[in-house]
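Here's the structure, in structure tokens; my notes come after.
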Amino acid sequence: MAKNSQTPLVSFEDLRPYVKLVGKNWWLLVGLAIVGYAGGRLVTHQMVDVHKATAEILVNQKESTGVDAMFGAGGGARAFSYYNDEVQNQLRVLRSYDLVGRAIDKIDDHVDYHLVGRIKEMPVAGFSALSVEANVEGFAPNMAGRAIDLFVLDAQRCRLVLDATASESHQTVLEARFGERVTEGGIDLVVRLDEAVARDAARLEGAAKQHFRIRVKTRAMRIGQYRGALQTTNVERTSVITMTCSDVLPDRAKRFLDTLAATYIDYTAEARLATNVQTEKFINEQLQEINALTDTLERQVDYYRAQNEVLDLTREQNEYFNTLVDLERQLREMDVQAESLDDLGVFLSSRDGSAELPPSSYFMLDDPWMTDQVGELMELEAKRSALLLDVKPGSYQVRRLDSSAQHVRGNVVTYLADKLGTVERRRVDLQSDIRALESRLSGLPKTQRDILAMERKLGVNEKLAIYLLERKAATIIARASITPEASLIERARYAGKVGPDKRRTVLTYTAVGFLIALALAVARMVFFERIESTSELREVAEAPVIGGIPFYKEMGDDPIACRADSRSAVTESFRALRTNLQYLLAKEGANVILVSSLHPQEGKSFVSANLASILAKAGKKVALVDFDMHKPRVHHYMRLENERGASSLMIGKGNLDEVIRPGAYPSLDVITAGPVPPNASDLILSDRMKRTVADLKSAYDYVILDTPPILLISDALVLMQHVDTALLITNVAKSSRRGVQHLEDLLEQNNLKHASFVLNGIRSKRWAYYYNRYATKYGYATYGAEYGYGYGYGGSERYKDPDAQA
């Protein structure tokens, strides 16, 4: 039973392009990968470690207590409290420009310190030998953030190099004395040398060898630096905010987080404290007016009583008087409420989206619903202000908040109008009741009525003063209970090194180097690929490939390979070529073979000489004619004189018998090119050439014509029309897909169909597969790995042409 043949999933031919890509470019892949690795190591060595510090803040969620009582029991403190749905806004507030700026102002650190080595610039917290005081306001804008190098010259002087990282033409070099202010070159700073260093010669010498560098940062630069390094996240399902800051100095990151946390906690209490202070200020102003009026009234009452006899009032009149005083007090309170409502109406009608506080008189209203609605409006405005730190005014989130605020404002304005109408009606009623009581007391004498009026006003002001004093006491008590709405639950602590990822950087550089090498290798393969095996040549060429000749390194010793070693791989390749030619020339009488190439130095003369020799060695009568009358080489390979030859025949200065020379074997005759004529191509077109080829064809078993390269001279294309077959030699050192296609295009244009390809110069690693596959069973495999040949048009360096040297 026959065995089922299985086709492998992946054959060598499938993998050959990739193997070739790696085999030919391994040095490029490895080299650029090593260069990338070295570059990555250098870059990572220059990198500075980045450290991280973390802190945690709790955003409180409290019920209304303390100061909230001032706004009523309805939870009016919502404007300054934070709930879970507002934590995201607080994340933005923490990273806001203004809040970070406040923290930067408290730190007041504008100088970065660096110690500069040969390769690396190391940031430090400060210099042990030097101290620097910089006035940021005195720095020119072009010098802020620029590198300033410091060098200790001696115990009194130092050298400053401004803009040290720029080219020397842009640098400014100054000398300054320690302790003196330097204001030249757009800077403003004082450099001081430590006294202990100045007194110690060894430490002074060590300081003189060090390279100090500083950079003075403006407030805006520091804010940008820390905003970029700051991250705020919310712990899920809690009101805890985690702050993270990255810095090259861990202590500096911790200090910034602690300062920012304290600044934020103070910020949460500022608005409520400002409201409390504003309320107290309004009460004090009202008390000053009432006290002044009360003092005036008391003096007037005392004066009237001293100047006039005043009778005591009856019991009924006294009750009327007390009721009248109470009504006037209520009227005065209604006036205060009306004034507060008017101020609040003006405040609401003139809103422009900012989050300023409402008027101070508003806090005198005892209306829980009103306070709650205004608090909600202020809360929405606070959210809007926080949101504008990150998004544009026209964004969806801002427009949604504006819509909600507009709805609440509309409700408050409508309620305010109703409330104001109610107050006005109450004032009218009170005024009517006052006029009725005044009419009942109108029967009293005028002097007594005046005294009653003054005492009545005095009583009203005293009761109003008592009311304001009670409110002031409540305000002061409430202030004592104001606490920040956020608390620090974890101070800043060191959280380890976060960067740079040096291993990843090295791997990235190595990978980039490898990918660049791979891209170059692919480009070489696509645009500069050389055909290195007969299988590759068969894939490209449409014409048949009938042989492959390995590299022949003994060219200088004997260019005829079959004569030098009859068992070598090169000799075997010519035997295989001889066999293939017999199939090509199977037609009777077909024996004229043309040998040419596309480029010079591809080995056509070498193949012609060795093919003729291997045919003659087999007993065939062979004629080898050198028709390359531009740069003849056959006479060198056969070691013959070149005084007369093919050119002599073409011009009629000899016959065949006179120009034929014996070759390497008895049955091999050679016709050299002869003297180089000035019109070699014209001679090829002559009738003598046709007669010469015809005579040789009839007299010999094989006639081999060595012709010039096709790319440079068209002689071969002309001669190809008079031969039976043509061998086109291509060398692995020059053969390319484009060259083979160009050569076939030339053949097609000249309607030449009887050409075949021979690949010359196959290196041993390429030849091994080709040769071992066919020659192992014949016993020649041991030779195949030892031989090869390198051939150029003019021969190898070891085989010198004496005529050419002359």
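Starting from 1 in every chain, residues are counted up; chains themselves are A, B, ... following the order of the structure tokens, and ligands are numbered from 1 as listed.
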Those of stretch 67-229 of chain A in DSSP alpha helix (DSSP H), formatted as JSON, numbers by chain: {"A": [87, 88, 89, 90, 91, 92, 93, 94, 97, 98, 99, 100, 101, 102, 103, 104, 105, 106, 107, 195, 196, 197, 198, 199, 201, 202, 203, 204, 205, 206, 207, 208, 209, 219, 220, 221, 222, 223, 224, 225, 226, 227, 228, 229]}
Write out as a compact mmCIF listing (two decimals) with N, CA and C atoms, in the first residue's frame the set of residues from stretch 455-510 of chain A that DSSP, computed on the backbone, places in strand (DSSP E).
# COMPACT_ATOMS: atom_id res chain seq x y z
N ALA A 486 -12.93 70.58 56.30
CA ALA A 486 -12.05 69.48 55.90
C ALA A 486 -11.02 69.30 56.99
N SER A 487 -10.54 68.10 57.13
CA SER A 487 -9.55 67.82 58.16
C SER A 487 -8.47 66.91 57.59
N LEU A 488 -7.27 67.08 58.08
CA LEU A 488 -6.14 66.28 57.64
C LEU A 488 -6.12 64.98 58.44
N ILE A 489 -6.28 63.87 57.78
CA ILE A 489 -6.30 62.59 58.47
C ILE A 489 -4.97 61.84 58.32
N GLU A 490 -4.13 62.28 57.39
CA GLU A 490 -2.82 61.66 57.26
C GLU A 490 -1.85 62.68 56.70
N ARG A 491 -0.86 63.02 57.49
CA ARG A 491 0.15 63.97 57.03
C ARG A 491 0.95 63.38 55.88
N ALA A 492 1.61 64.27 55.16
CA ALA A 492 2.40 63.82 54.01
C ALA A 492 3.48 62.85 54.47
N ARG A 493 3.59 61.78 53.73
CA ARG A 493 4.61 60.77 54.03
C ARG A 493 5.24 60.31 52.73
N TYR A 494 6.45 59.79 52.85
CA TYR A 494 7.19 59.31 51.68
C TYR A 494 6.55 58.02 51.18
N ALA A 495 6.29 57.96 49.87
CA ALA A 495 5.62 56.79 49.28
C ALA A 495 6.51 56.04 48.31
N GLY A 496 7.80 56.32 48.33
CA GLY A 496 8.71 55.55 47.49
C GLY A 496 9.05 56.23 46.19
N LYS A 497 9.93 55.60 45.44
CA LYS A 497 10.38 56.13 44.14
C LYS A 497 9.41 55.70 43.07
N VAL A 498 9.01 56.64 42.24
CA VAL A 498 8.03 56.34 41.19
C VAL A 498 8.61 56.42 39.78
N GLY A 499 9.81 56.86 39.66
CA GLY A 499 10.37 56.96 38.32
C GLY A 499 11.80 57.47 38.38
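One distance worth recording is that between atom CA of A:Ile466 and atom CA of A:Leu416, which is 27.3 Å.
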For stretch 319-331 of chain A: contacts at 8 Å, only C-alpha atoms, fewer than 6 positions along chain excluded, given as a PyMOL selection string: chain A and resi 427+430-431+433-434+437-438+441+452+456-457+459-461+463-464
For stretch 231-244 of chain A: contacts at 9 Å, only C-alpha atoms, fewer than 5 positions along chain excluded, given as a list of chain:residue names: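 After dropping sequence-adjacent residues, the list is A:Lys52, A:Ala53, A:Thr54, A:Ala55, A:Glu56, A:Ile57, A:Leu58, A:Val59, A:Asn60, A:Gln61, A:Tyr83, A:Asn84, A:Val87, A:Gln88, A:Gln90, A:Leu91, A:Arg92, A:Leu94, A:Arg95, A:Ala253, A:Leu257, A:Ala261, A:Ile489, A:Ala492, A:Ala495.
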12 Å contact set for A:Ser128, only C-alpha atoms, chain neighbours under 3 positions out, as a PyMOL selection string: chain A and resi 113-115+124-125+131-132+192-198+203-204+206-207+210+212
